[in-house]
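A.B. asks: My structure is in run.cif, and what it holds is mmCIF, C-alpha atoms:
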```cif
data_data
#
loop_
_atom_site.label_atom_id
_atom_site.label_comp_id
_atom_site.auth_asym_id
_atom_site.auth_seq_id
_atom_site.Cartn_x
_atom_site.Cartn_y
_atom_site.Cartn_z
CA MET A 186 -12.99 25.58 -54.48
CA SER A 187 -11.82 24.82 -50.97
CA SER A 188 -14.30 25.64 -48.26
CA MET A 189 -13.27 27.65 -45.22
CA THR A 190 -13.93 26.16 -41.79
CA VAL A 191 -16.36 28.29 -39.79
CA ILE A 192 -16.05 28.63 -36.03
CA LYS A 193 -19.11 29.15 -33.85
CA ILE A 194 -18.43 30.21 -30.27
CA ASN A 195 -21.22 30.10 -27.73
CA ALA A 196 -20.11 32.31 -24.84
CA ILE A 197 -22.11 31.17 -21.83
CA THR A 198 -22.17 33.24 -18.66
CA VAL A 199 -22.14 30.71 -15.82
CA PRO A 200 -22.72 31.45 -12.13
CA GLU A 201 -19.83 30.78 -9.74
CA ASP A 202 -21.02 27.37 -8.54
CA ALA A 203 -22.63 26.05 -11.72
CA GLY A 204 -19.57 25.28 -13.86
CA ASP A 205 -19.27 21.65 -12.80
CA GLU A 206 -22.91 21.06 -13.67
CA LEU A 207 -22.45 22.70 -17.08
CA ALA A 208 -19.45 20.46 -17.77
CA ARG A 209 -21.42 17.41 -16.60
CA ARG A 210 -24.30 18.21 -18.96
CA PHE A 211 -21.93 18.63 -21.87
CA ALA A 212 -20.29 15.30 -21.10
CA ALA A 213 -23.71 13.65 -20.97
CA ARG A 214 -24.56 14.65 -24.53
CA ALA A 215 -21.07 14.87 -25.99
CA GLY A 216 -21.80 12.46 -28.84
CA ALA A 217 -25.02 14.15 -29.98
CA VAL A 218 -23.38 16.32 -32.63
CA ASP A 219 -20.64 13.92 -33.73
CA GLY A 220 -22.51 12.41 -36.65
CA GLN A 221 -23.81 15.74 -37.90
CA ASP A 222 -22.89 16.51 -41.51
CA GLY A 223 -20.12 19.11 -41.69
CA PHE A 224 -19.25 18.97 -37.97
CA GLU A 225 -15.47 19.07 -37.39
CA GLY A 226 -15.15 19.11 -33.61
CA PHE A 227 -15.68 21.13 -30.45
CA GLU A 228 -14.13 22.16 -27.16
CA LEU A 229 -15.77 23.31 -23.95
CA LEU A 230 -13.42 25.93 -22.49
CA ARG A 231 -13.46 26.66 -18.75
CA PRO A 232 -12.20 30.12 -17.72
CA THR A 233 -9.09 30.22 -15.52
CA ASP A 234 -8.75 33.98 -15.11
CA GLY A 235 -11.73 34.78 -12.92
CA ARG A 236 -14.22 35.56 -15.64
CA LYS A 237 -17.58 33.82 -15.78
CA GLN A 238 -17.86 33.12 -19.52
CA TRP A 239 -17.38 29.52 -20.57
CA LEU A 240 -16.83 29.06 -24.30
CA VAL A 241 -18.25 26.29 -26.44
CA VAL A 242 -16.10 26.37 -29.58
CA THR A 243 -17.46 24.34 -32.51
CA ARG A 244 -15.91 23.97 -35.97
CA TRP A 245 -17.97 23.42 -39.10
CA ARG A 246 -17.29 22.81 -42.78
CA ASP A 247 -19.44 25.84 -43.65
CA ASP A 248 -22.29 27.96 -42.35
CA GLU A 249 -24.89 25.73 -44.02
CA ALA A 250 -23.65 22.76 -41.99
CA PHE A 251 -24.01 24.76 -38.77
CA GLN A 252 -27.52 25.93 -39.70
CA GLY A 253 -28.41 22.32 -40.50
CA TRP A 254 -27.42 21.33 -36.97
CA VAL A 255 -29.35 24.19 -35.36
CA GLY A 256 -32.45 23.11 -37.28
CA SER A 257 -32.08 19.43 -36.40
CA PRO A 258 -34.11 17.41 -33.87
CA ALA A 259 -30.83 16.40 -32.17
CA PHE A 260 -30.05 20.07 -31.46
CA ALA A 261 -33.52 20.70 -30.02
CA HIS A 262 -33.23 17.58 -27.87
CA GLY A 263 -29.74 18.44 -26.65
CA HIS A 264 -30.72 21.97 -25.67
CA ALA A 265 -34.05 21.09 -24.07
CA GLY A 266 -33.81 21.82 -20.37
CA ALA A 267 -30.71 23.97 -20.79
CA ASP A 268 -32.38 26.42 -18.42
CA ARG A 269 -33.19 23.66 -15.94
CA PRO A 270 -31.88 24.57 -12.49
CA ALA A 271 -28.63 23.04 -11.32
CA PRO A 272 -28.69 20.81 -8.20
CA HIS A 273 -27.87 23.84 -6.03
CA GLY A 274 -31.11 25.45 -7.21
CA GLY A 275 -29.71 28.27 -9.32
CA PRO A 276 -29.43 28.44 -13.09
CA VAL A 277 -26.59 26.73 -14.95
CA SER A 278 -26.31 29.69 -17.29
CA VAL A 279 -27.38 33.29 -16.96
CA SER A 280 -27.01 34.27 -20.60
CA SER A 281 -25.23 33.26 -23.78
CA GLU A 282 -24.06 34.90 -26.99
CA LEU A 283 -23.23 33.24 -30.28
CA TRP A 284 -20.06 34.52 -31.95
CA SER A 285 -19.22 33.56 -35.52
CA TYR A 286 -15.69 33.47 -36.97
CA GLU A 287 -13.73 32.04 -39.84
CA VAL A 288 -10.11 31.01 -39.80
CA ALA A 289 -8.10 33.87 -41.28
CA GLY A 290 -4.63 32.51 -40.61
CA GLY A 291 -2.51 30.68 -38.10
CA SER A 292 -0.06 27.86 -37.72
CA PRO A 293 -0.65 24.19 -38.50
CA GLY A 294 0.90 23.27 -35.15
CA SER A 295 2.39 19.82 -34.68
CA THR A 296 -0.34 17.85 -36.43
CA ALA A 297 2.06 15.92 -38.63
CA GLY A 298 0.46 13.29 -40.79
#
```
Here is the file; what I need is its structure written in the form of structure tokens.
C.D. replies:
Amino acid sequence: MSSMTVIKINAITVPEDAGDELARRFAARAGAVDGQDGFEGFELLRPTDGRKQWLVVTRWRDDEAFQGWVGSPAFAHGHAGADRPAPHGGPVSVSSELWSYEVAGGSPGSTAG
């Protein structure tokens, strides 16, 4: 039975001047999740249309793999201080929502190999 990749999207509402700090923090701990069982990759998406929601899109082998990450010490460590103020004094994020999806269709793109 082939498993279906699950997509977890953390939609983070970021104040106007905190985006660079959010990106910096992600870069600082980019490798934390790489070795996690079932982890298939992630992107941090910066809005370009005036909205304030940044999206952290992660792909997982299955929901169990994602739950395993959420329950791991590495997750707790990586998210400690997430509400720490940015250098400008305000918060880096105001709120966040977790959205859960599975791939229902699409195109393979140009990933020949």
A.B. asks: Taking the file as shown, what set of residues would the PyMOL selection byres ((chain A and resi 280) around 8) give back, as a list in words?
C.D. replies: Ile197, Thr198, Val199, Ser278, Val279, Ser281 and Glu282 of chain A
A.B. asks: When the PyMOL selection byres ((chain A and resi 254-261) around 10) is applied to the structure above, which residues does it catch, written out as a list in words?
C.D. replies: Ala217, Val218, Gln221, Asp222, Gly223, Phe224, Trp245, Asp248, Glu249, Ala250, Phe251, Gln252, Gly253, His262, Gly263, His264, Ala265 and Gly266 of chain A
A.B. asks: In Å to one decimal, how far is atom CA of A:Leu230 from atom CA of A:Ala213?
C.D. replies: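 Atom CA of A:Leu230 lies 16.1 Å from atom CA of A:Ala213.
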A.B. asks: Show me, as number ranges by chain, the residues that have an atom within 8 Å of A:Gly226 when counting only C-alpha atoms, minus same-chain residues fewer than 3 positions from it.
C.D. replies: A: 219, 243-245
A.B. asks: Would you list the contacts of A:Asn195 as number ranges by chain, taking every protein, DNA or RNA residue within 6 Å and counting all atoms listed in the file, but skipping same-chain residues closer than 3 positions in sequence?
C.D. replies: A: 240-241, 282-283
A.B. asks: When distances are computed from all atoms listed in the file, which of A:Ala196, A:Asp247, A:Glu201, A:Gly294 shows the smallest separation from A:Glu225?
C.D. replies: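 Using all atoms listed in the file, the shortest distance to A:Glu225 belongs to A:Asp247.
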A.B. asks: Please report the interatomic distance between atom CA of A:Gly235 and atom CA of A:Ala212 in Å with one decimal.
C.D. replies: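 Calculated distance between atom CA of A:Gly235 and atom CA of A:Ala212 is 22.8 Å.
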A.B. asks: Pick out the closest residue to A:Gly204 from this set: A:Gly216, A:Pro276, A:Thr190, A:Val242. Count only C-alpha atoms.
C.D. replies: A:Pro276
A.B. asks: Missing atoms in stretch 200-236 of chain A: fill them in up to N, CA and C atoms and send the result as a PDB file, keeping the file's coordinate frame.
C.D. replies:
```pdb
ATOM      1  N   PRO A 200     -22.910  31.051 -13.522  1.00  0.00           N
ATOM      2  CA  PRO A 200     -22.720  31.450 -12.130  1.00  0.00           C
ATOM      3  C   PRO A 200     -21.570  30.685 -11.478  1.00  0.00           C
ATOM      4  N   GLU A 201     -20.996  31.298 -10.454  1.00  0.00           N
ATOM      5  CA  GLU A 201     -19.830  30.780  -9.740  1.00  0.00           C
ATOM      6  C   GLU A 201     -19.866  29.268  -9.513  1.00  0.00           C
ATOM      7  N   ASP A 202     -20.982  28.767  -8.999  1.00  0.00           N
ATOM      8  CA  ASP A 202     -21.020  27.370  -8.540  1.00  0.00           C
ATOM      9  C   ASP A 202     -21.688  26.427  -9.531  1.00  0.00           C
ATOM     10  N   ALA A 203     -21.899  26.889 -10.773  1.00  0.00           N
ATOM     11  CA  ALA A 203     -22.630  26.050 -11.720  1.00  0.00           C
ATOM     12  C   ALA A 203     -21.737  25.433 -12.794  1.00  0.00           C
ATOM     13  N   GLY A 204     -20.456  25.757 -12.807  1.00  0.00           N
ATOM     14  CA  GLY A 204     -19.570  25.280 -13.860  1.00  0.00           C
ATOM     15  C   GLY A 204     -19.473  23.768 -13.952  1.00  0.00           C
ATOM     16  N   ASP A 205     -19.387  23.106 -12.795  1.00  0.00           N
ATOM     17  CA  ASP A 205     -19.270  21.650 -12.800  1.00  0.00           C
ATOM     18  C   ASP A 205     -20.502  21.010 -13.421  1.00  0.00           C
ATOM     19  N   GLU A 206     -21.671  21.584 -13.121  1.00  0.00           N
ATOM     20  CA  GLU A 206     -22.910  21.060 -13.670  1.00  0.00           C
ATOM     21  C   GLU A 206     -22.965  21.279 -15.183  1.00  0.00           C
ATOM     22  N   LEU A 207     -22.494  22.438 -15.633  1.00  0.00           N
ATOM     23  CA  LEU A 207     -22.450  22.700 -17.080  1.00  0.00           C
ATOM     24  C   LEU A 207     -21.563  21.662 -17.762  1.00  0.00           C
ATOM     25  N   ALA A 208     -20.388  21.424 -17.195  1.00  0.00           N
ATOM     26  CA  ALA A 208     -19.450  20.460 -17.770  1.00  0.00           C
ATOM     27  C   ALA A 208     -20.075  19.057 -17.780  1.00  0.00           C
ATOM     28  N   ARG A 209     -20.791  18.716 -16.698  1.00  0.00           N
ATOM     29  CA  ARG A 209     -21.420  17.410 -16.600  1.00  0.00           C
ATOM     30  C   ARG A 209     -22.469  17.236 -17.701  1.00  0.00           C
ATOM     31  N   ARG A 210     -23.267  18.282 -17.925  1.00  0.00           N
ATOM     32  CA  ARG A 210     -24.300  18.210 -18.960  1.00  0.00           C
ATOM     33  C   ARG A 210     -23.702  18.071 -20.344  1.00  0.00           C
ATOM     34  N   PHE A 211     -22.596  18.765 -20.579  1.00  0.00           N
ATOM     35  CA  PHE A 211     -21.930  18.630 -21.870  1.00  0.00           C
ATOM     36  C   PHE A 211     -21.416  17.210 -22.066  1.00  0.00           C
ATOM     37  N   ALA A 212     -20.819  16.654 -21.015  1.00  0.00           N
ATOM     38  CA  ALA A 212     -20.290  15.300 -21.100  1.00  0.00           C
ATOM     39  C   ALA A 212     -21.416  14.308 -21.400  1.00  0.00           C
ATOM     40  N   ALA A 213     -22.590  14.560 -20.822  1.00  0.00           N
ATOM     41  CA  ALA A 213     -23.710  13.650 -20.970  1.00  0.00           C
ATOM     42  C   ALA A 213     -24.230  13.587 -22.399  1.00  0.00           C
ATOM     43  N   ARG A 214     -24.046  14.668 -23.160  1.00  0.00           N
ATOM     44  CA  ARG A 214     -24.560  14.650 -24.530  1.00  0.00           C
ATOM     45  C   ARG A 214     -23.445  14.922 -25.548  1.00  0.00           C
ATOM     46  N   ALA A 215     -22.231  14.574 -25.160  1.00  0.00           N
ATOM     47  CA  ALA A 215     -21.070  14.870 -25.990  1.00  0.00           C
ATOM     48  C   ALA A 215     -21.166  14.290 -27.397  1.00  0.00           C
ATOM     49  N   GLY A 216     -21.763  13.110 -27.538  1.00  0.00           N
ATOM     50  CA  GLY A 216     -21.800  12.460 -28.840  1.00  0.00           C
ATOM     51  C   GLY A 216     -22.916  12.942 -29.749  1.00  0.00           C
ATOM     52  N   ALA A 217     -23.812  13.786 -29.231  1.00  0.00           N
ATOM     53  CA  ALA A 217     -25.020  14.150 -29.980  1.00  0.00           C
ATOM     54  C   ALA A 217     -24.721  14.773 -31.340  1.00  0.00           C
ATOM     55  N   VAL A 218     -23.668  15.579 -31.403  1.00  0.00           N
ATOM     56  CA  VAL A 218     -23.380  16.320 -32.630  1.00  0.00           C
ATOM     57  C   VAL A 218     -22.376  15.600 -33.537  1.00  0.00           C
ATOM     58  N   ASP A 219     -21.741  14.553 -33.003  1.00  0.00           N
ATOM     59  CA  ASP A 219     -20.640  13.920 -33.730  1.00  0.00           C
ATOM     60  C   ASP A 219     -20.973  13.460 -35.143  1.00  0.00           C
ATOM     61  N   GLY A 220     -22.164  12.923 -35.332  1.00  0.00           N
ATOM     62  CA  GLY A 220     -22.510  12.410 -36.650  1.00  0.00           C
ATOM     63  C   GLY A 220     -23.079  13.451 -37.581  1.00  0.00           C
ATOM     64  N   GLN A 221     -23.183  14.684 -37.107  1.00  0.00           N
ATOM     65  CA  GLN A 221     -23.810  15.740 -37.900  1.00  0.00           C
ATOM     66  C   GLN A 221     -22.967  16.090 -39.131  1.00  0.00           C
ATOM     67  N   ASP A 222     -23.604  16.188 -40.271  1.00  0.00           N
ATOM     68  CA  ASP A 222     -22.890  16.510 -41.510  1.00  0.00           C
ATOM     69  C   ASP A 222     -22.169  17.853 -41.383  1.00  0.00           C
ATOM     70  N   GLY A 223     -20.892  17.867 -41.695  1.00  0.00           N
ATOM     71  CA  GLY A 223     -20.120  19.110 -41.690  1.00  0.00           C
ATOM     72  C   GLY A 223     -19.511  19.473 -40.349  1.00  0.00           C
ATOM     73  N   PHE A 224     -19.797  18.689 -39.297  1.00  0.00           N
ATOM     74  CA  PHE A 224     -19.250  18.970 -37.970  1.00  0.00           C
ATOM     75  C   PHE A 224     -17.792  18.515 -37.904  1.00  0.00           C
ATOM     76  N   GLU A 225     -16.894  19.391 -37.417  1.00  0.00           N
ATOM     77  CA  GLU A 225     -15.470  19.070 -37.390  1.00  0.00           C
ATOM     78  C   GLU A 225     -14.885  18.958 -35.989  1.00  0.00           C
ATOM     79  N   GLY A 226     -15.665  19.271 -34.961  1.00  0.00           N
ATOM     80  CA  GLY A 226     -15.150  19.110 -33.610  1.00  0.00           C
ATOM     81  C   GLY A 226     -15.542  20.271 -32.700  1.00  0.00           C
ATOM     82  N   PHE A 227     -15.399  20.055 -31.393  1.00  0.00           N
ATOM     83  CA  PHE A 227     -15.680  21.130 -30.450  1.00  0.00           C
ATOM     84  C   PHE A 227     -14.850  21.016 -29.191  1.00  0.00           C
ATOM     85  N   GLU A 228     -14.712  22.140 -28.498  1.00  0.00           N
ATOM     86  CA  GLU A 228     -14.130  22.160 -27.160  1.00  0.00           C
ATOM     87  C   GLU A 228     -15.041  22.967 -26.247  1.00  0.00           C
ATOM     88  N   LEU A 229     -15.132  22.523 -25.001  1.00  0.00           N
ATOM     89  CA  LEU A 229     -15.770  23.310 -23.950  1.00  0.00           C
ATOM     90  C   LEU A 229     -14.628  23.925 -23.148  1.00  0.00           C
ATOM     91  N   LEU A 230     -14.540  25.252 -23.141  1.00  0.00           N
ATOM     92  CA  LEU A 230     -13.420  25.930 -22.490  1.00  0.00           C
ATOM     93  C   LEU A 230     -13.861  26.556 -21.161  1.00  0.00           C
ATOM     94  N   ARG A 231     -13.178  26.159 -20.098  1.00  0.00           N
ATOM     95  CA  ARG A 231     -13.460  26.660 -18.750  1.00  0.00           C
ATOM     96  C   ARG A 231     -12.521  27.840 -18.472  1.00  0.00           C
ATOM     97  N   PRO A 232     -13.073  28.964 -17.995  1.00  0.00           N
ATOM     98  CA  PRO A 232     -12.200  30.120 -17.720  1.00  0.00           C
ATOM     99  C   PRO A 232     -11.281  29.866 -16.539  1.00  0.00           C
ATOM    100  N   THR A 233     -10.047  30.384 -16.629  1.00  0.00           N
ATOM    101  CA  THR A 233      -9.090  30.220 -15.520  1.00  0.00           C
ATOM    102  C   THR A 233      -8.625  31.575 -15.008  1.00  0.00           C
ATOM    103  N   ASP A 234      -9.237  32.653 -15.494  1.00  0.00           N
ATOM    104  CA  ASP A 234      -8.750  33.980 -15.110  1.00  0.00           C
ATOM    105  C   ASP A 234      -9.791  34.783 -14.348  1.00  0.00           C
ATOM    106  N   GLY A 235     -10.763  34.092 -13.754  1.00  0.00           N
ATOM    107  CA  GLY A 235     -11.730  34.780 -12.920  1.00  0.00           C
ATOM    108  C   GLY A 235     -12.972  35.253 -13.647  1.00  0.00           C
ATOM    109  N   ARG A 236     -12.989  35.143 -14.966  1.00  0.00           N
ATOM    110  CA  ARG A 236     -14.220  35.560 -15.640  1.00  0.00           C
ATOM    111  C   ARG A 236     -15.246  34.443 -15.598  1.00  0.00           C
TER     112      ARG A 236
END
```
